[in-house]
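Engineer: Got a file for you: my_file_0.cif, mmCIF, C-alpha atoms.
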data_model
loop_
_atom_site.label_atom_id
_atom_site.label_comp_id
_atom_site.auth_asym_id
_atom_site.auth_seq_id
_atom_site.Cartn_x
_atom_site.Cartn_y
_atom_site.Cartn_z
CA MET Y 1 -9.41 13.80 18.27
CA ASN Y 2 -12.03 16.49 17.63
CA THR Y 3 -13.57 17.17 14.22
CA LEU Y 4 -11.35 20.15 13.44
CA THR Y 5 -8.16 18.21 14.21
CA ALA Y 6 -9.38 15.22 12.19
CA LEU Y 7 -10.24 17.52 9.26
CA ASN Y 8 -6.83 19.14 9.57
CA LEU Y 9 -5.11 15.73 9.42
CA VAL Y 10 -7.19 14.68 6.40
CA LEU Y 11 -6.38 17.94 4.59
CA HIS Y 12 -2.68 17.57 5.39
CA ILE Y 13 -2.63 14.11 3.79
CA VAL Y 14 -4.78 15.05 0.78
CA PHE Y 15 -2.79 18.25 0.03
CA GLY Y 16 0.48 16.32 0.41
CA LEU Y 17 -0.72 13.58 -1.95
CA LEU Y 18 -1.95 16.08 -4.54
CA GLY Y 19 1.38 17.91 -4.32
CA VAL Y 20 3.38 14.70 -4.84
CA MET Y 21 1.09 13.71 -7.73
CA ALA Y 22 1.55 17.11 -9.40
CA ILE Y 23 5.35 16.84 -9.09
CA TYR Y 24 5.27 13.28 -10.45
CA SER Y 25 3.15 14.41 -13.41
CA ALA Y 26 5.57 17.30 -14.02
CA LEU Y 27 8.43 14.76 -14.02
CA VAL Y 28 6.69 12.58 -16.62
CA VAL Y 29 5.86 15.62 -18.80
CA LEU Y 30 9.48 16.82 -18.56
CA MET Y 31 10.68 13.46 -19.87
CA LYS Y 32 8.77 13.91 -23.12
CA GLU Y 33 10.69 15.26 -26.10
CA ARG Y 34 8.14 18.03 -26.63
CA PRO Y 35 6.54 18.80 -23.26
CA SER Y 36 3.28 20.73 -23.07
CA VAL Y 37 4.57 23.98 -21.57
CA GLY Y 38 1.17 25.24 -20.36
CA PHE Y 39 0.39 21.94 -18.60
CA LEU Y 40 3.90 21.85 -17.10
CA ARG Y 41 3.46 25.34 -15.68
CA PHE Y 42 0.07 24.42 -14.23
CA LEU Y 43 1.58 21.29 -12.60
CA SER Y 44 4.57 23.09 -11.10
CA VAL Y 45 2.43 25.94 -9.69
CA SER Y 46 -0.19 23.56 -8.27
CA GLY Y 47 2.60 21.32 -6.91
CA LEU Y 48 4.04 24.20 -4.90
CA LEU Y 49 0.58 25.38 -3.79
CA PHE Y 50 -0.38 21.92 -2.49
CA MET Y 51 3.01 21.49 -0.79
CA LEU Y 52 2.57 24.80 1.02
CA LEU Y 53 -0.96 23.88 2.08
CA ALA Y 54 0.31 20.47 3.32
CA TRP Y 55 3.09 22.33 5.18
CA ILE Y 56 0.65 24.67 6.94
CA THR Y 57 -1.93 21.99 7.85
CA GLY Y 58 0.84 19.58 8.94
CA GLY Y 59 2.51 22.23 11.07
CA TYR Y 60 -0.82 23.13 12.69
CA TYR Y 61 -1.58 19.43 13.41
CA TYR Y 62 1.90 18.86 14.84
CA THR Y 63 1.86 21.86 17.19
CA THR Y 64 -1.75 21.63 18.36
CA TYR Y 65 -2.31 17.87 18.60
CA TYR Y 66 0.53 15.49 17.65
CA GLY Y 67 3.06 16.69 20.22
CA SER Y 68 0.70 16.47 23.17
CA ALA Y 69 -1.66 13.60 22.22
CA VAL Y 70 0.04 11.29 19.69
CA LYS Y 71 3.76 11.46 20.44
CA PRO Y 72 3.45 10.16 24.04
CA ILE Y 73 1.39 7.16 22.83
CA ILE Y 74 3.93 6.26 20.14
CA LYS Y 75 6.92 6.72 22.47
CA ALA Y 76 5.29 4.53 25.12
CA GLY Y 77 4.39 1.78 22.61
CA GLN Y 78 6.40 -0.97 20.94
CA PHE Y 79 7.08 1.20 17.86
CA SER Y 80 8.76 4.16 19.60
CA TRP Y 81 11.25 4.36 16.69
CA ALA Y 82 8.32 5.58 14.56
CA HIS Y 83 8.65 8.90 16.37
CA THR Y 84 12.32 9.05 17.32
CA LEU Y 85 13.54 8.03 13.87
CA ILE Y 86 10.76 8.33 11.27
CA MET Y 87 8.90 11.42 12.50
CA GLU Y 88 12.11 13.28 13.36
CA ALA Y 89 13.42 12.58 9.84
CA LYS Y 90 10.04 13.37 8.25
CA GLU Y 91 9.53 16.74 9.87
CA HIS Y 92 13.02 17.94 8.95
CA THR Y 93 13.01 16.61 5.40
CA PHE Y 94 9.57 18.11 4.88
CA LEU Y 95 11.05 21.57 5.53
CA LEU Y 96 13.17 21.16 2.41
CA LEU Y 97 10.50 19.95 0.01
CA PRO Y 98 8.56 23.19 -0.74
CA PHE Y 99 11.86 24.95 -1.51
CA LEU Y 100 12.80 22.22 -4.00
CA VAL Y 101 9.37 22.50 -5.60
CA ALA Y 102 9.65 26.32 -5.64
CA VAL Y 103 12.95 26.04 -7.54
CA LEU Y 104 11.28 23.66 -10.01
CA MET Y 105 8.34 26.06 -10.47
CA LEU Y 106 10.65 29.06 -11.00
CA GLY Y 107 12.69 27.04 -13.49
CA VAL Y 108 9.57 26.12 -15.46
CA LEU Y 109 8.01 29.62 -15.28
CA LEU Y 110 11.09 31.71 -15.99
CA VAL Y 111 12.60 29.64 -18.78
CA ASN Y 112 11.52 30.57 -22.29
CA SER Y 113 8.91 28.13 -23.71
CA SER Y 114 11.12 27.06 -26.60
CA LEU Y 115 14.03 26.37 -24.21
CA LEU Y 116 11.93 23.75 -22.41
CA ASN Y 117 12.28 21.63 -25.55
CA ASP Y 118 16.06 21.74 -25.15
CA PRO Y 119 17.30 18.58 -23.35
CA ARG Y 120 20.06 20.62 -21.65
CA VAL Y 121 17.32 22.60 -19.85
CA ARG Y 122 14.70 19.86 -19.56
CA ARG Y 123 16.92 17.12 -18.07
CA PRO Y 124 18.12 19.07 -14.98
CA LEU Y 125 14.52 20.15 -14.34
CA ALA Y 126 13.40 16.53 -14.67
CA ALA Y 127 16.16 15.46 -12.24
CA LEU Y 128 14.96 18.11 -9.77
CA ALA Y 129 11.35 16.91 -10.14
CA GLY Y 130 12.57 13.32 -9.67
CA VAL Y 131 14.36 14.20 -6.41
CA ALA Y 132 11.32 16.17 -5.16
CA PHE Y 133 8.97 13.28 -6.04
CA THR Y 134 11.21 10.69 -4.35
CA ILE Y 135 11.42 12.76 -1.15
CA GLY Y 136 7.66 13.43 -1.29
CA ALA Y 137 6.89 9.71 -1.71
CA ILE Y 138 9.19 8.78 1.21
CA ILE Y 139 7.50 11.42 3.38
CA ALA Y 140 4.05 10.03 2.47
CA LEU Y 141 5.19 6.48 3.37
CA ALA Y 142 6.71 7.81 6.62
CA GLY Y 143 3.26 9.20 7.46
CA VAL Y 144 1.75 5.71 7.05
CA VAL Y 145 4.39 4.24 9.42
CA ILE Y 146 3.77 6.94 12.04
CA SER Y 147 -0.02 6.48 11.85
CA GLY Y 148 0.44 2.71 12.16
CA ALA Y 149 2.51 3.16 15.32
CA VAL Y 150 -0.30 4.92 17.22
CA ARG Y 151 -1.48 2.06 19.43
CA MET K 1 -17.69 7.81 3.47
CA ALA K 2 -16.23 4.29 3.78
CA LEU K 3 -18.56 3.09 1.01
CA LEU K 4 -17.60 5.99 -1.26
CA ILE K 5 -13.89 5.23 -0.75
CA LYS K 6 -14.53 1.53 -1.43
CA PHE K 7 -16.37 2.29 -4.71
CA ALA K 8 -13.65 4.73 -5.77
CA HIS K 9 -10.95 2.15 -5.00
CA ILE K 10 -12.75 -0.52 -7.03
CA ILE K 11 -13.26 1.91 -9.95
CA GLY K 12 -9.61 3.01 -9.83
CA THR K 13 -8.38 -0.59 -9.84
CA ALA K 14 -10.80 -1.58 -12.63
CA LEU K 15 -9.67 1.35 -14.80
CA GLY K 16 -6.02 0.49 -14.14
CA VAL K 17 -6.28 -3.25 -14.73
CA GLY K 18 -8.57 -2.76 -17.74
CA GLY K 19 -6.38 0.00 -19.14
CA ALA K 20 -3.14 -1.98 -18.73
CA THR K 21 -4.69 -5.07 -20.36
CA LEU K 22 -6.33 -3.18 -23.23
CA GLY K 23 -3.18 -1.12 -23.77
CA GLU K 24 -1.10 -4.27 -24.11
CA ILE K 25 -3.61 -5.86 -26.52
CA PHE K 26 -3.65 -2.74 -28.74
CA TYR K 27 0.14 -2.49 -28.60
CA LEU K 28 0.57 -6.15 -29.60
CA LYS K 29 -1.96 -5.70 -32.42
CA SER K 30 -0.09 -2.68 -33.71
CA GLU K 31 3.22 -4.58 -33.46
CA ARG K 32 1.81 -7.32 -35.73
CA ASP K 33 1.90 -5.08 -38.80
CA GLY K 34 4.96 -3.19 -37.56
CA LYS K 35 3.36 0.27 -37.43
CA VAL K 36 0.96 2.25 -35.25
CA ASP K 37 -1.74 3.73 -37.50
CA PRO K 38 -3.63 6.92 -36.48
CA HIS K 39 -6.66 4.94 -35.24
CA GLU K 40 -4.49 2.69 -33.04
CA ASN K 41 -2.51 5.70 -31.83
CA GLU K 42 -5.72 7.48 -30.81
CA ALA K 43 -6.98 4.35 -29.02
CA LEU K 44 -3.65 3.96 -27.17
CA ARG K 45 -3.72 7.61 -26.08
CA THR K 46 -7.24 7.17 -24.70
CA ILE K 47 -6.25 3.96 -22.89
CA PHE K 48 -3.16 5.57 -21.31
CA TYR K 49 -5.34 8.51 -20.20
CA MET K 50 -7.72 5.98 -18.62
CA LEU K 51 -4.74 4.34 -16.88
CA ARG K 52 -3.59 7.65 -15.43
CA VAL K 53 -7.09 8.47 -14.16
CA GLY K 54 -7.28 4.96 -12.63
CA MET K 55 -3.93 5.47 -10.89
CA VAL K 56 -4.96 8.83 -9.40
CA ILE K 57 -8.27 7.39 -8.12
CA LEU K 58 -6.50 4.29 -6.76
CA ILE K 59 -3.89 6.30 -4.83
CA LEU K 60 -6.36 8.85 -3.42
CA SER K 61 -8.90 6.21 -2.39
CA GLY K 62 -6.13 3.93 -1.05
CA PHE K 63 -4.90 6.69 1.22
CA GLY K 64 -8.57 7.36 2.03
CA TYR K 65 -8.72 3.83 3.44
CA LEU K 66 -5.57 4.45 5.49
CA ILE K 67 -6.98 7.74 6.84
CA LEU K 68 -10.20 5.97 7.87
CA LEU K 69 -8.21 3.28 9.70
CA ARG K 70 -6.22 5.97 11.52
CA LEU K 71 -9.28 8.03 12.48
CA GLU K 72 -11.19 4.95 13.66
CA GLY K 73 -8.18 3.79 15.73
CA HIS K 74 -7.66 0.53 13.80
CA THR K 75 -4.02 1.26 13.09
CA ALA K 76 -2.55 -2.28 13.07
CA PRO K 77 -3.14 -2.89 9.30
CA LEU K 78 -1.12 0.28 8.51
CA LEU K 79 2.07 -1.61 9.37
CA GLY K 80 0.78 -4.86 7.84
CA ALA K 81 2.29 -6.81 4.94
CA ARG K 82 -0.71 -6.30 2.60
CA VAL K 83 -0.62 -2.50 2.83
CA TRP K 84 3.17 -2.29 2.43
CA ALA K 85 3.26 -4.77 -0.43
CA LYS K 86 0.63 -2.74 -2.25
CA LEU K 87 2.42 0.55 -1.55
CA THR K 88 5.71 -0.94 -2.82
CA ILE K 89 4.07 -2.26 -5.99
CA ILE K 90 2.44 1.11 -6.74
CA LEU K 91 5.83 2.81 -6.26
CA ILE K 92 7.49 0.26 -8.59
CA LEU K 93 4.76 1.00 -11.15
CA LEU K 94 5.30 4.77 -10.85
CA PHE K 95 9.11 4.52 -11.11
CA GLY K 96 8.65 2.05 -13.96
CA VAL K 97 6.76 4.66 -15.97
CA VAL K 98 9.60 7.15 -15.40
CA ALA K 99 12.23 4.55 -16.38
CA TRP K 100 10.22 3.68 -19.51
CA HIS K 101 9.96 7.39 -20.48
CA ALA K 102 13.72 7.73 -19.92
CA ARG K 103 14.19 4.68 -22.18
CA LYS K 104 16.08 2.93 -19.39
CA VAL K 105 13.95 -0.23 -19.61
CA PRO K 106 12.99 -2.13 -22.75
CA MET K 107 9.34 -2.27 -23.74
CA TRP K 108 8.94 -5.99 -22.91
CA ILE K 109 10.06 -5.48 -19.29
CA GLY K 110 7.93 -2.34 -18.96
CA SER K 111 4.83 -4.20 -20.20
CA ALA K 112 5.42 -7.15 -17.85
CA VAL K 113 5.98 -4.88 -14.82
CA SER K 114 2.89 -2.80 -15.65
CA LEU K 115 0.58 -5.81 -16.10
CA ALA K 116 1.96 -7.72 -13.08
CA SER K 117 1.73 -4.61 -10.88
CA TRP K 118 -1.88 -3.82 -11.78
CA TYR K 119 -3.00 -7.43 -11.36
CA ALA K 120 -1.04 -7.73 -8.10
CA ALA K 121 -2.77 -4.58 -6.78
CA LEU K 122 -6.13 -6.14 -7.75
CA VAL K 123 -5.37 -9.51 -6.12
CA ILE K 124 -3.88 -8.06 -2.90
CA GLY K 125 -6.79 -5.63 -2.58
CA ALA K 126 -9.44 -8.28 -3.16
CA TRP K 127 -7.80 -11.00 -1.01
CA ARG K 128 -9.02 -9.85 2.42
CA GLY K 129 -7.77 -12.88 4.34
CA LEU K 130 -4.29 -12.81 2.83
CA ASN K 131 -1.98 -13.58 5.73
CA SER K 132 1.45 -13.89 4.07
CA SER K 133 4.59 -11.99 4.98
CA TYR K 134 5.77 -8.96 3.00
CA LEU K 135 8.66 -10.96 1.56
CA THR K 136 6.38 -13.80 0.40
CA ILE K 137 3.98 -11.39 -1.35
CA MET K 138 6.87 -9.60 -3.07
CA LEU K 139 8.40 -12.90 -4.21
CA TYR K 140 5.07 -13.93 -5.78
CA TYR K 141 4.92 -10.48 -7.41
CA LEU K 142 8.42 -10.92 -8.89
CA GLY K 143 7.34 -14.37 -10.10
CA ALA K 144 4.26 -12.79 -11.72
CA ILE K 145 6.50 -10.31 -13.59
CA VAL K 146 8.55 -13.20 -15.00
CA VAL K 147 5.39 -15.13 -15.98
CA PHE K 148 3.88 -12.06 -17.72
CA ALA K 149 7.19 -11.41 -19.54
CA ILE K 150 7.28 -15.01 -20.82
CA ILE K 151 3.59 -14.97 -21.90
CA LEU K 152 4.01 -11.64 -23.71
CA GLN K 153 7.16 -12.89 -25.45
CA ILE K 154 5.36 -16.05 -26.61
CA ILE K 155 2.48 -13.91 -27.96
CA ARG K 156 4.97 -11.66 -29.80
CA TRP K 157 6.71 -14.65 -31.36
CA SER K 158 3.43 -16.21 -32.46
CA LEU K 159 2.28 -12.90 -33.99
CA LYS K 160 5.53 -12.59 -35.94
CA VAL K 161 5.22 -16.19 -37.15
CA LYS K 162 1.66 -15.52 -38.34
CA ALA K 163 2.66 -12.20 -39.95
#
Please express what this file holds, its structure, as structure tokens.
Structural biologist:
Amino acid sequence: MNTLTALNLVLHIVFGLLGVMAIYSALVVLMKERPSVGFLRFLSVSGLLFMLLAWITGGYYYTTYYGSAVKPIIKAGQFSWAHTLIMEAKEHTFLLLPFLVAVLMLGVLLVNSSLLNDPRVRRPLAALAGVAFTIGAIIALAGVVISGAVR
Amino acid sequence: MALLIKFAHIIGTALGVGGATLGEIFYLKSERDGKVDPHENEALRTIFYMLRVGMVILILSGFGYLILLRLEGHTAPLLGARVWAKLTIILILLFGVVAWHARKVPMWIGSAVSLASWYAALVIGAWRGLNSSYLTIMLYYLGAIVVFAIILQIIRWSLKVKA
């Protein structure tokens, strides 16, 4: 792995983690009775931004390195399911995540500030953030499994 | 870089364990007189902020460790029991916070899970030669939750008796 590819992998992981953390923080803020609207907006925008950056760096890593250098090693090893099951699921689920986060961000940005205090608005947004966080956490754990299978 | 990640991981764990312990002490003290005065409230807010910072540092540095292992080609620990037990415990801690905010878990369970999780993360991280299975580690963790719940309940009872 050359330096650029290694940097790309590191950035993919760091952006993904920051995105998941931002969505988790948004979820916790949304569960408060009086959420800080400014902070919530910052979290939802940065969540989407980090998810998109993780998407781009992950896509670049997959097409330029993973497919040709990592996948054959995993498939030939004792943990071939890490690619055929985990990676296949990860790459397809990951396509959905930025759209979920974009919906959350639009919901937070477009809704009137005072409406965010209304549980009928806040709870569905919190549920959406909860689903996005759960998927994001599973994707992060899937990445650990796939990395562990490279041997 | 490895040293920086190690220091960050230690700092994150120390902030988390210290924050969870101090938070519980302040909460129990405020429970003794039945109200949270402004000074105690301010202290609790600071402690919870410290906890959140600790958690962020712990997660980022923890994944930093995993990235280093991957880049250096030492990938076996990534599928090991220690790493997965710690990841599971951190996830339980994170979902516990959400459940507590949603008022789906009572305070006494939330406190026990928080304390047991932070101390478990400390012990698993520090115990380099730990060679137990994932199931064994998780069973000890569940046992630790029960022990913390009992200890906290005893402290609450004794505080009420004294008050």
Engineer: Which residues would end up in the selection if the PyMOL selection byres ((chain Y) within 7 of (chain K)) were applied here, given that I need the answer as JSON, numbers by chain?
Structural biologist: {"Y": [10, 28, 31, 144, 145, 147, 148, 150, 151]}
Engineer: Assuming the chain letters and numbering stay as they are in my file, what does the PyMOL selection byres ((chain Y and resi 4) around 12) actually select? List them as a compact mmCIF listing (two decimals) with C-alpha atoms, in the frame of the given file.
Structural biologist:
# COMPACT_ATOMS: atom_id res chain seq x y z
CA MET Y 1 -9.41 13.80 18.27
CA ASN Y 2 -12.03 16.49 17.63
CA THR Y 3 -13.57 17.17 14.22
CA THR Y 5 -8.16 18.21 14.21
CA ALA Y 6 -9.38 15.22 12.19
CA LEU Y 7 -10.24 17.52 9.26
CA ASN Y 8 -6.83 19.14 9.57
CA LEU Y 9 -5.11 15.73 9.42
CA VAL Y 10 -7.19 14.68 6.40
CA LEU Y 11 -6.38 17.94 4.59
CA THR Y 57 -1.93 21.99 7.85
CA TYR Y 60 -0.82 23.13 12.69
CA TYR Y 61 -1.58 19.43 13.41
CA THR Y 64 -1.75 21.63 18.36
CA TYR Y 65 -2.31 17.87 18.60
Engineer: Rank Y:Gly136, Y:Val131, Y:Asn117, Y:Gly143 by their smallest atom-to-atom distance to Glu33 of chain Y, using only C-alpha atoms, and report the top residue only.
Structural biologist: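 That would be Y:Asn117, the residue with the smallest distance to Glu33 of chain Y.
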Engineer: Evaluated on this file, the PyMOL selection byres ((chain Y and resi 101-114) around 10) picks out some residues - which ones are they, written as a tab-separated table (two decimals) with C-alpha atoms, in the coordinates of the input?
Structural biologist:
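Printed below is selection_8.tsv as written:
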chain	number	residue	atom	x	y	z
Y	19	GLY	CA	1.38	17.91	-4.32
Y	20	VAL	CA	3.38	14.70	-4.84
Y	23	ILE	CA	5.35	16.84	-9.09
Y	26	ALA	CA	5.57	17.30	-14.02
Y	30	LEU	CA	9.48	16.82	-18.56
Y	34	ARG	CA	8.14	18.03	-26.63
Y	35	PRO	CA	6.54	18.80	-23.26
Y	36	SER	CA	3.28	20.73	-23.07
Y	37	VAL	CA	4.57	23.98	-21.57
Y	38	GLY	CA	1.17	25.24	-20.36
Y	40	LEU	CA	3.90	21.85	-17.10
Y	41	ARG	CA	3.46	25.34	-15.68
Y	42	PHE	CA	0.07	24.42	-14.23
Y	43	LEU	CA	1.58	21.29	-12.60
Y	44	SER	CA	4.57	23.09	-11.10
Y	45	VAL	CA	2.43	25.94	-9.69
Y	46	SER	CA	-0.19	23.56	-8.27
Y	47	GLY	CA	2.60	21.32	-6.91
Y	48	LEU	CA	4.04	24.20	-4.90
Y	49	LEU	CA	0.58	25.38	-3.79
Y	51	MET	CA	3.01	21.49	-0.79
Y	52	LEU	CA	2.57	24.80	1.02
Y	96	LEU	CA	13.17	21.16	2.41
Y	97	LEU	CA	10.50	19.95	0.01
Y	98	PRO	CA	8.56	23.19	-0.74
Y	99	PHE	CA	11.86	24.95	-1.51
Y	100	LEU	CA	12.80	22.22	-4.00
Y	115	LEU	CA	14.03	26.37	-24.21
Y	116	LEU	CA	11.93	23.75	-22.41
Y	117	ASN	CA	12.28	21.63	-25.55
Y	118	ASP	CA	16.06	21.74	-25.15
Y	121	VAL	CA	17.32	22.60	-19.85
Y	122	ARG	CA	14.70	19.86	-19.56
Y	124	PRO	CA	18.12	19.07	-14.98
Y	125	LEU	CA	14.52	20.15	-14.34
Y	126	ALA	CA	13.40	16.53	-14.67
Y	127	ALA	CA	16.16	15.46	-12.24
Y	128	LEU	CA	14.96	18.11	-9.77
Y	129	ALA	CA	11.35	16.91	-10.14
Y	131	VAL	CA	14.36	14.20	-6.41
Y	132	ALA	CA	11.32	16.17	-5.16
Y	133	PHE	CA	8.97	13.28	-6.04
Engineer: Just the residues within 9 Å of Ile89 of chain K, please, counting only C-alpha atoms, with nothing from its chain fewer than 2 positions along; format it as a PyMOL selection string.
Structural biologist: chain K and resi 84-87+91-94+117-118+120-121+138+141
Engineer: One number please: atom CA of Ala81 of chain K to atom CA of Met50 of chain K, in Å, one decimal.
Structural biologist: 28.6 Å
Engineer: Need the shell around Ile86 of chain Y: protein/DNA/RNA residues with any atom at most 9 Å away, counting only C-alpha atoms. Skip same-chain ones fewer than 3 positions apart. Format as a list in words?
Structural biologist: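 Everything that qualifies: Trp81, Ala82, His83, Ala89, Lys90, Glu91, Ala142, Gly143, Val145 and Ile146 of chain Y.
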Engineer: Using all atoms listed in the file, pick whichever of K:Tyr27, K:Tyr65, K:Tyr49, K:Tyr119 has the shortest atom-to-atom distance to Leu159 of chain K.
Structural biologist: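 Nearest to Leu159 of chain K: K:Tyr27.
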Engineer: Just to confirm, what's the straight-line distance from atom CA of Thr84 of chain Y to atom CA of Tyr62 of chain Y in Å (one decimal)?
Structural biologist: 14.5 Å
Engineer: Please compute the atom CA of Thr46 of chain K-atom CA of Gly19 of chain K distance, one decimal, in Å.
Structural biologist: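 Going from atom CA of Thr46 of chain K over to atom CA of Gly19 of chain K, I get 9.1 Å.
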Engineer: At a cut-off of 9 Å, using only C-alpha atoms, what residues contact Glu24 of chain K? Leave out same-chain residues fewer than 3 positions from it and give the result as a compact mmCIF listing (two decimals) with C-alpha atoms, in the frame of the given file.
Structural biologist:
# COMPACT_ATOMS: atom_id res chain seq x y z
CA GLY K 19 -6.38 0.00 -19.14
CA ALA K 20 -3.14 -1.98 -18.73
CA THR K 21 -4.69 -5.07 -20.36
CA TYR K 27 0.14 -2.49 -28.60
CA LEU K 28 0.57 -6.15 -29.60
CA LYS K 29 -1.96 -5.70 -32.42
CA SER K 111 4.83 -4.20 -20.20
CA LEU K 115 0.58 -5.81 -16.10
CA LEU K 152 4.01 -11.64 -23.71
Engineer: Quick one: residues within 7 Å of Leu15 of chain K, all atoms listed in the file, excluding same-chain residues fewer than 3 positions away - as a list of chain:residue names?
Structural biologist: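 These residues fall inside the cut-off: K:Ile11, K:Gly12, K:Gly18, K:Gly19, K:Met50, K:Leu51, K:Gly54.
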Engineer: Excluding same-chain residues fewer than 3 positions from segment 38-44 of chain K, what lies within 7 Å of it counting all atoms listed in the file, as a ChimeraX atom specification?
Structural biologist: /K:23,26,30,47-48
Engineer: Taking C-alpha atoms for each residue, export the selection above as a compact mmCIF listing (two decimals), in the coordinates of the input.
Structural biologist:
# COMPACT_ATOMS: atom_id res chain seq x y z
CA GLY K 23 -3.18 -1.12 -23.77
CA PHE K 26 -3.65 -2.74 -28.74
CA SER K 30 -0.09 -2.68 -33.71
CA ILE K 47 -6.25 3.96 -22.89
CA PHE K 48 -3.16 5.57 -21.31
